[in-house]
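Below is one structure, written out as structure tokens; the observations come after it.
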Amino acid sequence: MKDAAAIVGIGRTPFAKQLPESEKTLACRAILAALEDAGIAPAEVDGFASYTMEETDEVEVAKSIGAGDVTFFAKAGYGGGGSCATVAHLAAAVATGQATVGVAWRSRKRGSGGRPWRNTTVQLPTPAQWTRPFGLLRPADEIAMLTRRYMHEYGATRDHLFNVALACRNRANQNPAAMMYERPLTREMYMTSRWISEPLCLFDNCLETDGALACVVVSADRARDCRSRPVYVHSAAQGLPAQHHGMVNYWAEDPLRGPAWTAAQQLWKHADLCPQDVDVAQIYDAFTALVPLSLEGYGFCGRGEGAAFTEGGALEIGGRLPLNTSGGGLSEAYVHGFNLITEGVRQLRGTSTAQVPDAATCLVTAGEGVPTSALLLRS
């Protein structure tokens, strides 16, 4: 699969707290924008990939955009853990001849309201039956427990979490499409904000957003003739550790060694590159604490060193590893991590609003704490 497929088109709708369109309409708009970016007609699309949590299925999308006969379709599970897997599935399908033009997308209207975590009854048949009755009702509560453990084990502080939030907000302040555009964040604002689930405060949590994004994947051969500059899928991986139990993996021998470690081993094994070769990273940031854990898992620093890695402007433009350059889930939009993929493409095209000079390689990761996925992109 190495460099056999490329992302040649990206598209998105506006991001907002409330958009009037349905999720289906938003999905189709993002997909058509991505196809226009690639210079490919909708009738040529024969492959689809999205999330198991995506409300708009392939049948509706295919009819609505005017796709031709579809020969490949797949869905990736585990919420934000499936973002990079959608592109990985299409890259594999294209590389093996199951599809010629693949479209991946995510459409979501979480900003418009609804509080799914209040309905604990529907969650009890799952492994959540062992945690929901004891107050771990939301992902924020589950990650808060891991964060406290991380602080206890390795001396991480709220200042380290602030470093992550600040880097994402600074990049969003450069991005007119971001929900937090022109809304600076200060340390005082962060330290005095309300708790969501201690030790996670308001700014440690991702946004709730309406919006949709999509990308188009074709073979490397075809990519050379597309309208926009191709970005190649150099390596891709998914990861589910043995005996893993989701974000409440507290009783494992090492609860802080999450799915990122499994995905990373597979990702680097099939790549000609290593962590030191990565110019820019788009790391899944539903919560600030996931970033230092992912920095460790993907090999940018040693065990327990992720918090310290964030010091000294390391995540800013010009730092050791510029991060989430569109603002990420914390400050651009939270659409289950798909905006990290499209921003990775913009960086390697040289069109980001916070461009890393001469960026040629980008790591994109999906949700840590849940079965996950990752992409290594190159220009």
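Quick note on naming: the chains in the structure tokens go A, B, ... in the order shown, residues restart at 1 in each chain, and ligands are numbered from 1 in order of appearance.
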Handout entry: strand (DSSP E) per DSSP on the backbone: members of region 247-372 of chain A, as a ChimeraX atom specification
Key = /A:280-282,361-365,372
Could you produce a table of the residues of region 227-260 of chain A lying within 12 Å of region 147-157 of chain A, with the nearest pair of atoms per residue and their separation in Å rounded to one decimal, using only C-alpha atoms, ordered by chain and increasing residue number, as JSON lines?
{"residue": "A:Met247", "atom": "CA", "partner": "A:Thr147", "partner_atom": "CA", "distance": 11.1}
{"residue": "A:Val248", "atom": "CA", "partner": "A:Thr147", "partner_atom": "CA", "distance": 11.6}
{"residue": "A:Asn249", "atom": "CA", "partner": "A:Arg149", "partner_atom": "CA", "distance": 11.7}
{"residue": "A:Tyr250", "atom": "CA", "partner": "A:Arg149", "partner_atom": "CA", "distance": 9.2}
{"residue": "A:Trp251", "atom": "CA", "partner": "A:Arg149", "partner_atom": "CA", "distance": 11.8}
{"residue": "A:Asp254", "atom": "CA", "partner": "A:Arg149", "partner_atom": "CA", "distance": 10.5}
{"residue": "A:Pro255", "atom": "CA", "partner": "A:Arg149", "partner_atom": "CA", "distance": 8.6}
{"residue": "A:Leu256", "atom": "CA", "partner": "A:Tyr150", "partner_atom": "CA", "distance": 7.2}
{"residue": "A:Arg257", "atom": "CA", "partner": "A:Tyr150", "partner_atom": "CA", "distance": 10.6}
What does the file look like for those residues with C-alpha atoms, as a compact mmCIF listing (two decimals), in the first residue's frame?
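Result file part_36.txt:
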# COMPACT_ATOMS: atom_id res chain seq x y z
CA MET A 247 -11.45 4.57 27.77
CA VAL A 248 -11.99 2.85 31.12
CA ASN A 249 -9.00 0.54 30.75
CA TYR A 250 -8.07 1.28 34.35
CA TRP A 251 -7.31 -2.24 35.55
CA ASP A 254 -0.48 -0.03 32.32
CA PRO A 255 -3.74 1.90 31.77
CA LEU A 256 -1.82 4.74 30.11
CA ARG A 257 -0.45 2.56 27.32
Problem - Who sits within 12 Å of Ala140 (chain A), only C-alpha atoms, same chain under 2 positions skipped, as a VMD selection string - result: chain A and resid 117 135 to 138 142 to 147 195 to 206 247 to 248 286 to 290 369
Practice task
Fewer than 5 positions away in the same chain doesn't count, so skip those; otherwise give me all residues within 7 Å of region 277-284 of chain A, counting only C-alpha atoms, as a PyMOL selection string.
Solution key: chain A and resi 291+321-324+337+340+344+359-367
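Backbone DSSP over region 80-119 of chain A yields alpha helix (DSSP H) at A:Ser83, A:Cys84, A:Ala85, A:Thr86, A:Val87, A:Ala88, A:His89, A:Leu90, A:Ala91, A:Ala92, A:Ala93, A:Val94, A:Ala95.
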Preceding selection exported with C-alpha atoms as a tab-separated table (two decimals), in the first residue's frame:
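Contents of selection.tsv, freshly written:
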chain	number	residue	atom	x	y	z
A	83	SER	CA	-11.34	8.80	11.30
A	84	CYS	CA	-8.05	7.76	9.70
A	85	ALA	CA	-9.38	4.24	9.11
A	86	THR	CA	-11.87	5.56	6.56
A	87	VAL	CA	-9.02	6.79	4.36
A	88	ALA	CA	-6.99	3.65	5.07
A	89	HIS	CA	-9.87	1.46	3.87
A	90	LEU	CA	-10.20	3.47	0.66
A	91	ALA	CA	-6.45	3.41	0.05
A	92	ALA	CA	-6.47	-0.37	0.38
A	93	ALA	CA	-9.48	-0.67	-1.90
A	94	VAL	CA	-7.87	1.50	-4.56
A	95	ALA	CA	-4.52	-0.27	-4.27
Handout entry: Pick from A:Val164, A:Val59, A:Ala354, A:Leu35 nearest to Ser228 (chain A), counting only C-alpha atoms
Key = A:Leu35
Practice task
Would you kindly return, as a PyMOL selection string, each protein, DNA or RNA residue with an atom no farther than 7 Å from any atom of Val370 (chain A), considering only C-alpha atoms and excluding same-chain residues fewer than 4 positions away?
Solution key: chain A and resi 78+81+246-247+259
Can I get the selection written as a PDB file, in the first residue's frame, with C-alpha atoms?
ATOM      1  CA  TYR A  78     -15.370   3.571  17.664  1.00  0.00           C
ATOM      2  CA  GLY A  81     -11.049   6.279  16.554  1.00  0.00           C
ATOM      3  CA  GLY A 246     -12.019   1.327  25.930  1.00  0.00           C
ATOM      4  CA  MET A 247     -11.447   4.574  27.770  1.00  0.00           C
ATOM      5  CA  PRO A 259      -4.259   1.910  21.379  1.00  0.00           C
TER       6      PRO A 259
END
If we count only C-alpha atoms and set the cut-off at 12 Å, which residues sit around Ala99 (chain A), ignoring sequence neighbours fewer than 4 positions away in its own chain? Please answer as a short mmCIF file (atom, residue, chain, number, x, y, z; two decimals) with C-alpha atoms, in the first residue's frame.
data_model
loop_
_atom_site.label_atom_id
_atom_site.label_comp_id
_atom_site.auth_asym_id
_atom_site.auth_seq_id
_atom_site.Cartn_x
_atom_site.Cartn_y
_atom_site.Cartn_z
CA ALA A 5 -2.98 5.84 -3.25
CA GLU A 44 -16.95 8.28 -11.35
CA VAL A 45 -17.21 7.57 -7.61
CA ASP A 46 -17.28 3.82 -6.96
CA GLY A 47 -16.06 3.61 -3.37
CA PHE A 48 -17.31 4.96 -0.05
CA ALA A 49 -15.97 4.89 3.51
CA GLY A 68 -22.25 5.50 -10.63
CA ASP A 69 -22.08 1.81 -9.74
CA VAL A 70 -20.41 1.42 -6.36
CA THR A 71 -18.09 -1.55 -5.86
CA PHE A 72 -16.65 -0.86 -2.41
CA PHE A 73 -18.13 0.51 0.82
CA ALA A 74 -16.92 0.29 4.41
CA HIS A 89 -9.87 1.46 3.87
CA LEU A 90 -10.20 3.47 0.66
CA ALA A 91 -6.45 3.41 0.05
CA ALA A 92 -6.47 -0.37 0.38
CA ALA A 93 -9.48 -0.67 -1.90
CA VAL A 94 -7.87 1.50 -4.56
CA ALA A 95 -4.52 -0.27 -4.27
CA VAL A 103 -14.85 9.16 -1.06
CA VAL A 216 -11.27 11.85 -2.39
CA VAL A 217 -8.80 8.97 -2.76
CA VAL A 218 -7.48 7.62 -6.09
CA SER A 219 -4.45 5.63 -7.26
#
Handout entry: Top pick for closest residue to Ala167 (chain A), considering A:Thr56, A:Thr325, A:Gln265, A:Gln238 and counting only C-alpha atoms
Key =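 Among A:Thr56, A:Thr325, A:Gln265, A:Gln238, it is A:Thr325 that comes nearest to Ala167 (chain A).
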Exercise for the section: Compare A:Thr131, A:Thr209, A:Ser373, A:Asn170 by their minimum atom-to-atom distance to Ser235 (chain A), counting only C-alpha atoms, and give me the closest one. Expected result: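 So, comparing all the options, the nearest one is A:Ser373.
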Practice task
Please measure the separation of CA of Glu23 (chain A) and CA of Ala374 (chain A), giving the value in Å to one decimal.
Solution key: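 Taking CA of Glu23 (chain A) as the start and CA of Ala374 (chain A) as the end point, the length is 25.2 Å.
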Taking 4 positions as the minimum chain separation for residues in the same chain, which residues sit within 9 Å of Ser352 (chain A) when counting only C-alpha atoms? Answer as an mmCIF file with C-alpha atoms, in the first residue's frame.
data_model
loop_
_atom_site.group_PDB
_atom_site.id
_atom_site.type_symbol
_atom_site.label_atom_id
_atom_site.label_comp_id
_atom_site.auth_asym_id
_atom_site.auth_seq_id
_atom_site.Cartn_x
_atom_site.Cartn_y
_atom_site.Cartn_z
ATOM 1 C CA ASN A 175 -7.877 30.158 10.567
ATOM 2 C CA THR A 325 -2.429 23.662 12.689
ATOM 3 C CA SER A 326 -6.068 24.430 11.873
ATOM 4 C CA GLU A 343 -5.661 19.922 7.485
ATOM 5 C CA GLY A 344 -2.870 17.390 6.962
ATOM 6 C CA VAL A 345 -3.593 17.566 3.246
ATOM 7 C CA ARG A 346 -3.517 21.374 3.274
ATOM 8 C CA GLN A 347 -0.168 21.378 5.064
ATOM 9 C CA LEU A 348 1.421 19.120 2.461
ATOM 10 C CA VAL A 356 4.776 24.909 8.398
#
Practice task
Using CA of Tyr181 (chain A) and CA of Thr25 (chain A) as the two end points, give the distance in Å to one decimal.
Solution key: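 Pair CA of Tyr181 (chain A) / CA of Thr25 (chain A) returns 24.9 Å.
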